[in-house]
$ cat entry10.csv   # CSV, C-alpha atoms
chain,number,residue,atom,x,y,z
A,1,MET,CA,26.7,89.8,115.1
A,2,SER,CA,30.3,89.2,114.1
A,3,THR,CA,33.1,89.8,116.6
A,4,HIS,CA,35.7,90.1,113.9
A,5,PRO,CA,37.1,93.5,113.0
A,6,GLN,CA,35.2,95.2,110.2
A,7,ARG,CA,38.2,97.0,108.7
A,8,PHE,CA,42.0,96.5,108.4
A,9,GLU,CA,44.8,98.5,106.7
A,10,ILE,CA,47.0,96.3,104.5
A,11,LEU,CA,50.5,97.4,103.6
A,12,VAL,CA,52.4,95.8,100.7
A,13,VAL,CA,56.1,96.0,101.6
A,14,PRO,CA,59.3,94.5,100.3
A,15,GLU,CA,60.1,91.2,102.1
A,16,HIS,CA,63.3,92.5,103.5
A,17,VAL,CA,61.4,94.9,105.7
A,18,GLU,CA,61.5,93.3,109.2
A,19,GLY,CA,59.6,93.9,112.4
A,20,GLY,CA,56.2,95.1,113.2
A,21,ASP,CA,56.7,98.7,113.9
A,22,PRO,CA,53.7,100.4,112.2
A,23,ALA,CA,55.7,103.6,111.4
A,24,ARG,CA,58.5,101.7,109.7
A,25,LEU,CA,56.1,99.5,107.8
A,26,ALA,CA,54.2,102.5,106.6
A,27,ASP,CA,57.4,104.3,105.5
A,28,SER,CA,58.4,101.2,103.5
A,29,ALA,CA,55.1,100.4,101.9
A,30,ILE,CA,54.8,100.5,98.2
A,31,ARG,CA,51.0,100.4,98.4
A,32,SER,CA,48.4,100.4,101.1
A,33,ALA,CA,44.6,100.0,101.2
A,34,VAL,CA,41.9,100.0,103.8
A,35,VAL,CA,39.8,96.9,103.3
A,36,GLU,CA,36.4,96.2,104.9
A,37,ALA,CA,34.6,93.0,105.7
A,38,THR,CA,32.5,91.7,102.9
A,39,GLY,CA,30.5,89.2,105.0
A,40,ARG,CA,31.8,86.3,103.0
A,41,THR,CA,34.4,83.7,103.7
A,42,GLY,CA,37.4,83.3,101.3
A,43,ALA,CA,38.8,80.0,99.9
A,44,SER,CA,41.3,79.9,102.8
A,45,GLY,CA,38.4,79.7,105.2
A,46,PHE,CA,39.0,83.1,106.7
A,47,PRO,CA,36.8,86.2,106.4
A,48,ARG,CA,37.1,88.1,103.2
A,49,TYR,CA,37.9,91.8,103.1
A,50,ALA,CA,37.9,94.1,100.1
A,51,GLY,CA,38.7,97.7,99.1
A,52,GLU,CA,40.8,100.1,97.1
A,53,GLY,CA,41.8,97.4,94.6
A,54,MET,CA,42.7,94.7,97.2
A,55,GLU,CA,40.8,91.6,98.1
A,56,ALA,CA,42.1,89.6,101.1
A,57,ASP,CA,41.4,86.7,103.4
A,58,ILE,CA,42.5,87.7,106.8
A,59,ASP,CA,42.8,85.7,110.0
A,60,PRO,CA,41.3,88.3,112.5
A,61,GLU,CA,42.8,86.4,115.5
A,62,THR,CA,46.4,86.6,114.4
A,63,ARG,CA,46.0,89.6,112.0
A,64,THR,CA,47.6,87.5,109.3
A,65,VAL,CA,46.9,88.0,105.6
A,66,GLU,CA,46.2,84.4,104.4
A,67,ALA,CA,45.4,85.3,100.7
A,68,LEU,CA,45.7,88.5,98.7
A,69,LEU,CA,44.9,89.9,95.3
A,70,VAL,CA,46.0,93.3,94.3
A,71,ASP,CA,44.2,94.7,91.3
A,72,GLY,CA,43.1,91.1,90.5
A,73,ALA,CA,46.7,89.6,90.6
A,74,GLU,CA,48.8,87.8,93.2
A,75,LEU,CA,51.7,89.6,94.8
A,76,ASP,CA,55.0,89.5,92.9
A,77,TYR,CA,57.9,87.6,94.5
A,78,GLY,CA,59.8,89.8,97.0
A,79,LEU,CA,56.7,91.5,98.3
A,80,SER,CA,54.7,90.7,101.5
A,81,ALA,CA,51.4,91.9,103.0
A,82,ARG,CA,51.2,93.2,106.5
A,83,ILE,CA,48.4,94.5,108.7
A,84,ARG,CA,48.6,97.8,110.3

$ encode --input "entry10.csv" --output "structure tokens"
Amino acid sequence: MSTHPQRFEILVVPEHVEGGDPARLADSAIRSAVVEATGRTGASGFPRYAGEGMEADIDPETRTVEALLVDGAELDYGLSARIR
């Protein structure tokens, strides 16, 4: 049985948005998605999560998005992914 979280919410925000306040991040997000564990490991070596057009490798210990595809494409410059 995995001890990793089975679900995360990913927020795509402009890079200039600072801090980790969930309310501020949510207000600034240009897109969000709830992703669920797929049971696979991504190319980064971290667990793979997918849902709502996003596919991500997430380090569950640090809650860091290590790799992300949005609708099959990488993020544009100036955008970052955060976990809420």

$ residues_around --input "entry10.csv" --residues "A:Glu36" --least-positions-apart "4" --cutoff "7 Å" --atoms "only C-alpha atoms" --output "list of chain:residue names"
A:Gln6, A:Arg7, A:Phe8, A:Tyr49, A:Ala50, A:Gly51

$ atom_distance --input "entry10.csv" --atom1 "atom CA of A:Val65" --atom2 "atom CA of A:Asp27"
19.4 Å

$ closest_residue --input "entry10.csv" --among "A:Val17, A:Val12, A:Leu68, A:Ala43" --to "A:Ala29" --atoms "only C-alpha atoms"
A:Val12

$ closest_residue --input "entry10.csv" --among "A:Pro14, A:His4, A:Ser32, A:Phe46" --to "A:Arg84" --atoms "all atoms listed in the file"
A:Ser32

$ residues_around --input "entry10.csv" --residues "stretch 70-75 of chain A" --least-positions-apart "5" --cutoff "8 Å" --atoms "all atoms listed in the file" --output "list of chain:residue names"
A:Gly53, A:Met54, A:Glu55, A:Ser80

$ atom_distance --input "entry10.csv" --atom1 "atom CA of A:Arg24" --atom2 "atom CA of A:Tyr77"
20.7 Å

$ atom_distance --input "entry10.csv" --atom1 "atom CA of A:Thr62" --atom2 "atom CA of A:Arg82"
11.4 Å

$ closest_residue --input "entry10.csv" --among "A:Asp76, A:Glu52, A:Glu66, A:Glu15" --to "A:Val34" --atoms "all atoms listed in the file"
A:Glu52

$ closest_residue --input "entry10.csv" --among "A:Thr38, A:Thr3, A:Ser28, A:Ser44" --to "A:Ala67" --atoms "only C-alpha atoms"
A:Ser44

$ residues_around --input "entry10.csv" --residues "A:Ile83" --least-positions-apart "2" --cutoff "7 Å" --atoms "only C-alpha atoms" --output "list in words"
Phe8, Glu9, Ile10, Leu11, Arg63 and Ala81 of chain A

$ write_last_selection --input "entry10.csv" --atoms "C-alpha atoms" --output "short mmCIF file (atom, residue, chain, number, x, y, z; two decimals), keeping the file's coordinate frame"
data_model
loop_
_atom_site.label_atom_id
_atom_site.label_comp_id
_atom_site.auth_asym_id
_atom_site.auth_seq_id
_atom_site.Cartn_x
_atom_site.Cartn_y
_atom_site.Cartn_z
CA PHE A 8 42.00 96.50 108.40
CA GLU A 9 44.80 98.50 106.70
CA ILE A 10 47.00 96.30 104.50
CA LEU A 11 50.50 97.40 103.60
CA ARG A 63 46.00 89.60 112.00
CA ALA A 81 51.40 91.90 103.00
#
